[in-house]
file upload35.cif (mmCIF, C-alpha atoms)
data_data
#
loop_
_atom_site.label_atom_id
_atom_site.label_comp_id
_atom_site.auth_asym_id
_atom_site.auth_seq_id
_atom_site.Cartn_x
_atom_site.Cartn_y
_atom_site.Cartn_z
CA MET A 1395 -41.86 27.24 -5.62
CA ALA A 1396 -38.13 27.62 -6.02
CA THR A 1397 -37.66 27.66 -2.23
CA ARG A 1398 -39.31 24.28 -2.00
CA ILE A 1399 -37.36 22.66 -4.79
CA TRP A 1400 -33.91 23.90 -3.74
CA PRO A 1401 -33.29 21.42 -0.86
CA VAL A 1402 -34.43 18.56 -3.13
CA MET A 1403 -32.07 19.77 -5.83
CA LYS A 1404 -29.21 19.96 -3.35
CA LEU A 1405 -29.89 16.44 -2.14
CA ALA A 1406 -30.16 15.14 -5.69
CA THR A 1407 -26.83 16.75 -6.64
CA LYS A 1408 -25.11 15.30 -3.60
CA VAL A 1409 -26.50 11.83 -4.28
CA THR A 1410 -25.38 12.08 -7.91
CA ILE A 1411 -21.86 13.09 -6.97
CA ALA A 1412 -21.53 10.39 -4.30
CA GLY A 1413 -23.07 7.73 -6.54
CA GLY A 1414 -20.77 8.75 -9.39
CA ALA A 1415 -17.72 8.47 -7.13
CA VAL A 1416 -18.75 4.99 -5.98
CA TYR A 1417 -19.47 3.92 -9.55
CA VAL A 1418 -16.10 5.15 -10.81
CA ALA A 1419 -14.32 3.32 -7.99
CA TYR A 1420 -16.25 0.14 -8.76
CA ASP A 1421 -15.83 0.38 -12.49
CA SER A 1422 -12.07 0.90 -12.52
CA GLY A 1423 -11.63 -2.29 -10.55
CA LEU A 1424 -10.38 -0.56 -7.43
CA LEU A 1425 -12.68 -2.65 -5.29
CA GLY A 1426 -12.09 -5.99 -6.96
CA ASN A 1427 -9.40 -8.58 -6.37
CA SER A 1428 -5.72 -7.81 -6.35
CA GLU A 1429 -5.12 -8.42 -10.06
CA GLN A 1430 -7.65 -5.78 -11.04
CA GLY A 1431 -6.12 -3.44 -8.50
CA SER A 1432 -2.61 -3.74 -9.86
CA GLU A 1433 -3.96 -3.38 -13.41
CA ALA A 1434 -5.60 -0.11 -12.43
CA LEU A 1435 -2.34 1.03 -10.83
CA GLN A 1436 -0.38 0.26 -14.02
CA LYS A 1437 -2.93 2.14 -16.11
CA ALA A 1438 -2.71 5.13 -13.79
CA LYS A 1439 1.09 5.13 -13.92
CA ALA A 1440 1.02 5.05 -17.70
CA VAL A 1441 -1.47 7.89 -17.92
CA ILE A 1442 0.23 10.36 -15.56
CA PRO A 1443 3.15 11.75 -17.63
CA PRO A 1444 1.09 12.69 -20.72
CA ALA A 1445 -1.57 14.21 -18.49
CA MET A 1446 1.05 16.23 -16.61
CA GLU A 1447 2.47 17.49 -19.91
CA GLU A 1448 -0.95 18.55 -21.12
CA TRP A 1449 -1.63 20.43 -17.91
CA MET A 1450 1.72 22.19 -18.10
CA LYS A 1451 1.02 23.33 -21.65
CA TYR A 1452 -2.46 24.45 -20.69
CA PHE A 1453 -1.13 26.72 -17.98
CA GLY A 1454 1.61 28.02 -20.23
CA VAL A 1455 4.28 26.85 -17.85
CA GLU A 1456 6.98 25.38 -20.01
CA ALA A 1457 9.30 24.62 -17.13
CA GLN A 1458 10.35 21.03 -17.17
CA LEU A 1459 9.47 19.17 -14.06
CA PRO A 1460 12.70 17.77 -12.64
CA THR A 1461 12.74 14.11 -13.51
CA ILE A 1462 12.51 11.94 -10.46
CA PRO A 1463 16.10 10.88 -9.82
CA LYS A 1464 16.63 7.17 -10.15
CA ILE A 1465 17.44 6.25 -6.60
CA GLU A 1466 19.62 3.17 -6.47
CA PHE A 1467 18.27 2.17 -3.09
CA SER A 1468 16.52 -1.12 -2.79
CA PRO A 1469 14.62 -1.58 0.47
CA VAL A 1470 14.62 -5.34 0.01
CA ASP A 1471 18.40 -5.53 -0.25
CA ALA A 1472 18.86 -3.15 2.64
CA TRP A 1473 16.51 -5.18 4.81
CA ASN A 1474 18.17 -8.47 3.88
CA SER A 1475 21.65 -7.19 4.58
CA GLY A 1476 20.42 -5.77 7.88
CA VAL A 1477 19.01 -9.13 8.92
CA ARG A 1478 22.24 -10.89 7.98
CA TRP A 1479 24.32 -8.36 9.92
CA THR A 1480 22.16 -8.70 13.02
CA ILE A 1481 22.15 -12.48 13.06
CA SER A 1482 25.88 -12.80 12.45
CA ASN A 1483 26.60 -10.35 15.24
CA LEU A 1484 24.26 -12.22 17.55
CA SER A 1485 26.01 -15.48 16.81
CA GLU A 1486 29.44 -13.99 17.41
CA ALA A 1487 28.41 -12.15 20.56
CA PRO A 1488 29.25 -14.81 23.20
CA THR A 1489 32.72 -15.39 21.77
CA LYS A 1490 33.43 -11.69 21.61
CA ALA A 1491 32.08 -11.19 25.12
CA THR A 1492 34.43 -13.81 26.60
CA GLU A 1493 37.32 -12.31 24.67
CA TYR A 1494 36.63 -8.82 25.95
CA THR A 1495 36.16 -9.97 29.54
CA SER A 1496 39.41 -11.90 29.49
CA GLN A 1497 41.18 -8.89 27.98
CA GLY A 1498 39.67 -6.66 30.64
CA LEU A 1499 40.71 -9.02 33.43
CA GLN A 1500 44.21 -9.21 31.98
CA TYR A 1501 44.38 -5.44 31.90
CA LEU A 1502 43.28 -5.19 35.53
CA LYS A 1503 45.80 -7.81 36.55
CA ASP A 1504 48.50 -5.86 34.79
CA LEU A 1505 47.45 -2.76 36.69
CA THR A 1506 47.78 -4.48 40.04
CA LYS A 1507 51.21 -5.93 39.27
CA MET B 622 4.52 -22.32 -3.71
CA SER B 623 7.89 -21.28 -5.08
CA GLU B 624 9.56 -18.33 -3.43
CA LYS B 625 9.21 -16.17 -6.50
CA GLU B 626 5.49 -16.83 -6.64
CA LEU B 627 5.15 -16.08 -2.95
CA GLY B 628 7.09 -12.86 -3.32
CA LYS B 629 4.87 -11.76 -6.18
CA LYS B 630 1.76 -12.55 -4.17
CA TRP B 631 2.99 -10.46 -1.28
CA ASP B 632 3.84 -7.59 -3.63
CA ARG B 633 0.35 -7.69 -5.02
CA CYS B 634 -1.09 -7.85 -1.52
CA LEU B 635 0.71 -4.69 -0.45
CA ALA B 636 -0.14 -2.81 -3.64
CA ASP B 637 -3.75 -3.87 -3.35
CA GLY B 638 -3.80 -2.76 0.28
CA ALA B 639 -2.49 0.66 -0.61
CA ILE B 640 -5.04 1.04 -3.41
CA LYS B 641 -7.98 0.00 -1.29
CA LEU B 642 -6.87 2.20 1.59
CA GLY B 643 -6.69 5.16 -0.76
CA THR B 644 -10.03 4.38 -2.35
CA GLY B 645 -11.71 3.93 1.03
CA LEU B 646 -10.19 7.17 2.25
CA GLY B 647 -11.36 9.00 -0.85
CA LEU B 648 -14.88 7.69 -0.73
CA GLY B 649 -15.00 8.34 3.01
CA ILE B 650 -13.98 11.95 2.45
CA VAL B 651 -16.58 12.37 -0.28
CA PHE B 652 -19.34 11.00 1.89
CA SER B 653 -18.20 12.88 4.96
CA VAL B 654 -18.20 16.20 3.14
CA LEU B 655 -21.45 15.64 1.27
CA PHE B 656 -23.71 13.93 3.74
CA PHE B 657 -22.30 13.85 7.23
CA LYS B 658 -21.33 17.42 7.93
CA ARG B 659 -17.56 16.81 7.84
CA HIS B 660 -17.51 14.36 10.71
CA THR B 661 -14.51 12.08 10.95
CA TRP B 662 -16.22 8.76 11.30
CA PRO B 663 -17.07 8.14 7.63
CA ILE B 664 -13.41 8.64 6.76
CA SER B 665 -12.28 6.10 9.35
CA LEU B 666 -15.05 3.73 8.30
CA GLY B 667 -14.00 3.99 4.65
CA SER B 668 -10.30 3.43 5.27
CA GLY B 669 -11.02 0.57 7.65
CA ALA B 670 -13.34 -1.08 5.15
CA GLY B 671 -10.69 -0.68 2.45
CA LEU B 672 -8.03 -2.29 4.61
CA GLY B 673 -10.43 -5.09 5.48
CA MET B 674 -11.16 -5.78 1.82
CA ALA B 675 -7.45 -5.86 1.08
CA TYR B 676 -6.88 -8.26 3.98
CA ALA B 677 -9.61 -10.61 2.76
CA ASN B 678 -8.24 -10.56 -0.80
CA CYS B 679 -4.74 -11.27 0.45
CA GLN B 680 -5.98 -14.13 2.58
CA ASN B 681 -7.83 -15.68 -0.33
CA ASN B 682 -4.85 -15.32 -2.61
CA LEU B 683 -2.40 -16.90 -0.25
CA ARG B 684 -4.75 -19.74 0.61
CA SER B 685 -5.81 -20.50 -2.95
CA HIS B 686 -2.60 -22.40 -3.56
CA TYR B 687 -3.59 -25.05 -1.04
CA MET B 688 -7.26 -25.27 -1.94
CA LEU B 689 -8.89 -27.44 -4.53
CA HIS B 690 -10.63 -25.46 -7.22
CA ARG B 691 -13.80 -26.37 -8.95
CA GLY B 692 -12.19 -26.81 -12.35
CA ASP B 693 -9.58 -29.29 -11.08
CA LYS B 694 -11.26 -32.50 -12.18
CA GLU B 695 -8.62 -35.20 -12.03
CA GLN B 696 -9.21 -38.36 -14.01
#

call {"tool": "encode", "arguments": {"input": "upload35.cif", "output": "structure tokens"}}
result
Amino acid sequence: MATRIWPVMKLATKVTIAGGAVYVAYDSGLLGNSEQGSEALQKAKAVIPPAMEEWMKYFGVEAQLPTIPKIEFSPVDAWNSGVRWTISNLSEAPTKATEYTSQGLQYLKDLTK
Amino acid sequence: MSEKELGKKWDRCLADGAIKLGTGLGLGIVFSVLFFKRHTWPISLGSGAGLGMAYANCQNNLRSHYMLHRGDKEQ
């Protein structure tokens, strides 16, 4: 009898695990609109440090995780300054090109003198 | 829409996209391992569905500013 029930049990376990995963994802608002999603993200961020501390104590590892260094790099500012640099160079390019060509021609003329 | 509002909406869009991609990936992996003998297609299906949901949410959010809503009864 056990040999007949075992595949059914396996299937039932799998369905329970998969169904549980889907239910957890649905319940924590991961599949809702963007407000719910960012709420869930904030909750997760708030929960991580205490959870990490508990796990460290549980394993008896008292080493302090190196705190994530506060990087003073802002992608938005970097991108904006990059755009400004590109556009200003593009707008100055024709003037600079004529300058350089005239300088080059002058230099060549001086060579042939 | 003021620029600040627009910026916030885009931020939420990207965060939402990342979350739904992760969720789809996770659920895809679960289903692939449990039911589909570790094939790749459930994983791709899950991540794609997640991205699609994020795209639809984003679209709705950005359009909602220009739509009339049911509760806007003007006298």

call {"tool": "residues_near_point", "arguments": {"input": "upload35.cif", "point": "(-6.6, -9.1, -3.6)", "cutoff": "12 Å", "atoms": "all atoms listed in the file", "output": "ChimeraX atom specification"}}
result
/A:1423-1433 /B:630-641,671-685

call {"tool": "closest_residue", "arguments": {"input": "upload35.cif", "among": "A:Ala1396, A:Val1409, A:Leu1499, A:Met1403", "to": "chain B", "atoms": "all atoms listed in the file"}}
result
A:Val1409

call {"tool": "axis_aligned_box", "arguments": {"input": "upload35.cif", "around": "stretch 1434-1441 of chain A", "padding_each_side": "8 Å", "output": "lines of an AutoDock Vina configuration file"}}
result
center_x = -2.3
center_y = 3.9
center_z = -14.4
size_x = 22.7
size_y = 24.0
size_z = 23.1

call {"tool": "atom_distance", "arguments": {"input": "upload35.cif", "atom1": "atom CA of A:Gly1414", "atom2": "atom CA of A:Ile1399"}}
result
22.1 Å

call {"tool": "residues_around", "arguments": {"input": "upload35.cif", "residues": "B:Phe652", "least_positions_apart": "6", "cutoff": "12 Å", "atoms": "only C-alpha atoms", "output": "short mmCIF file (atom, residue, chain, number, x, y, z; two decimals) with C-alpha atoms, in the coordinates of the input"}}
result
data_model
loop_
_atom_site.label_atom_id
_atom_site.label_comp_id
_atom_site.auth_asym_id
_atom_site.auth_seq_id
_atom_site.Cartn_x
_atom_site.Cartn_y
_atom_site.Cartn_z
CA LYS A 1408 -25.11 15.30 -3.60
CA VAL A 1409 -26.50 11.83 -4.28
CA THR A 1410 -25.38 12.08 -7.91
CA ILE A 1411 -21.86 13.09 -6.97
CA ALA A 1412 -21.53 10.39 -4.30
CA GLY A 1413 -23.07 7.73 -6.54
CA GLY A 1414 -20.77 8.75 -9.39
CA ALA A 1415 -17.72 8.47 -7.13
CA VAL A 1416 -18.75 4.99 -5.98
CA GLY B 645 -11.71 3.93 1.03
CA LEU B 646 -10.19 7.17 2.25
CA LYS B 658 -21.33 17.42 7.93
CA ARG B 659 -17.56 16.81 7.84
CA HIS B 660 -17.51 14.36 10.71
CA THR B 661 -14.51 12.08 10.95
CA TRP B 662 -16.22 8.76 11.30
CA PRO B 663 -17.07 8.14 7.63
CA ILE B 664 -13.41 8.64 6.76
CA SER B 665 -12.28 6.10 9.35
CA LEU B 666 -15.05 3.73 8.30
CA GLY B 667 -14.00 3.99 4.65
#

call {"tool": "atom_distance", "arguments": {"input": "upload35.cif", "atom1": "atom CA of B:Ile650", "atom2": "atom CA of A:Thr1407"}}
result
16.5 Å

call {"tool": "closest_residue", "arguments": {"input": "upload35.cif", "among": "B:Leu648, B:Ala670, B:Met622, B:Leu689", "to": "chain A", "atoms": "all atoms listed in the file"}}
result
B:Leu648

call {"tool": "decode", "arguments": {"input": "upload35.cif", "residues": "stretch 661-689 of chain B", "atoms": "N, CA and C atoms", "output": "short mmCIF file (atom, residue, chain, number, x, y, z; two decimals), in the first residue's frame"}}
result
data_model
loop_
_atom_site.label_atom_id
_atom_site.label_comp_id
_atom_site.auth_asym_id
_atom_site.auth_seq_id
_atom_site.Cartn_x
_atom_site.Cartn_y
_atom_site.Cartn_z
N THR B 661 14.35 25.04 -18.57
CA THR B 661 14.57 26.48 -18.42
C THR B 661 13.32 27.30 -18.68
N TRP B 662 12.37 26.73 -19.43
CA TRP B 662 11.30 27.60 -19.89
C TRP B 662 10.42 28.17 -18.79
N PRO B 663 10.16 27.46 -17.68
CA PRO B 663 9.33 28.11 -16.66
C PRO B 663 10.02 29.34 -16.07
N ILE B 664 11.35 29.29 -15.98
CA ILE B 664 12.08 30.42 -15.42
C ILE B 664 11.92 31.64 -16.34
N SER B 665 12.11 31.40 -17.66
CA SER B 665 11.96 32.53 -18.58
C SER B 665 10.54 33.03 -18.59
N LEU B 666 9.57 32.09 -18.53
CA LEU B 666 8.17 32.50 -18.52
C LEU B 666 7.89 33.37 -17.30
N GLY B 667 8.39 32.92 -16.13
CA GLY B 667 8.14 33.68 -14.90
C GLY B 667 8.74 35.07 -14.96
N SER B 668 10.02 35.17 -15.37
CA SER B 668 10.64 36.49 -15.39
C SER B 668 9.96 37.39 -16.42
N GLY B 669 9.60 36.79 -17.58
CA GLY B 669 8.91 37.59 -18.58
C GLY B 669 7.57 38.10 -18.09
N ALA B 670 6.82 37.21 -17.42
CA ALA B 670 5.53 37.62 -16.89
C ALA B 670 5.71 38.72 -15.85
N GLY B 671 6.74 38.60 -15.01
CA GLY B 671 6.99 39.64 -14.01
C GLY B 671 7.28 40.97 -14.66
N LEU B 672 8.16 40.96 -15.67
CA LEU B 672 8.47 42.21 -16.37
C LEU B 672 7.22 42.80 -17.02
N GLY B 673 6.40 41.92 -17.60
CA GLY B 673 5.18 42.40 -18.23
C GLY B 673 4.24 43.05 -17.24
N MET B 674 4.10 42.43 -16.04
CA MET B 674 3.24 43.03 -15.03
C MET B 674 3.78 44.38 -14.61
N ALA B 675 5.11 44.48 -14.47
CA ALA B 675 5.69 45.76 -14.07
C ALA B 675 5.44 46.81 -15.15
N TYR B 676 5.56 46.40 -16.43
CA TYR B 676 5.34 47.33 -17.52
C TYR B 676 3.91 47.84 -17.50
N ALA B 677 2.95 46.93 -17.30
CA ALA B 677 1.55 47.35 -17.29
C ALA B 677 1.27 48.30 -16.13
N ASN B 678 1.84 48.00 -14.95
CA ASN B 678 1.64 48.88 -13.80
C ASN B 678 2.18 50.26 -14.08
N CYS B 679 3.40 50.29 -14.63
CA CYS B 679 4.06 51.55 -14.95
C CYS B 679 3.21 52.36 -15.91
N GLN B 680 2.71 51.67 -16.95
CA GLN B 680 1.90 52.35 -17.95
C GLN B 680 0.67 52.98 -17.31
N ASN B 681 -0.01 52.20 -16.48
CA ASN B 681 -1.20 52.70 -15.79
C ASN B 681 -0.89 53.91 -14.94
N ASN B 682 0.23 53.80 -14.20
CA ASN B 682 0.60 54.88 -13.31
C ASN B 682 0.86 56.17 -14.06
N LEU B 683 1.62 56.05 -15.14
CA LEU B 683 1.99 57.27 -15.85
C LEU B 683 0.80 57.85 -16.60
N ARG B 684 -0.14 56.99 -17.00
CA ARG B 684 -1.29 57.51 -17.72
C ARG B 684 -2.34 58.07 -16.80
N SER B 685 -2.36 57.61 -15.52
CA SER B 685 -3.48 57.96 -14.65
C SER B 685 -3.58 59.45 -14.44
N HIS B 686 -2.46 60.16 -14.62
CA HIS B 686 -2.52 61.61 -14.43
C HIS B 686 -3.41 62.28 -15.44
N TYR B 687 -3.49 61.71 -16.65
CA TYR B 687 -4.26 62.35 -17.71
C TYR B 687 -5.65 61.78 -17.86
N MET B 688 -5.98 60.76 -17.07
CA MET B 688 -7.31 60.16 -17.19
C MET B 688 -8.24 60.79 -16.19
N LEU B 689 -9.54 60.68 -16.50
CA LEU B 689 -10.54 61.04 -15.51
C LEU B 689 -10.81 59.82 -14.65
#
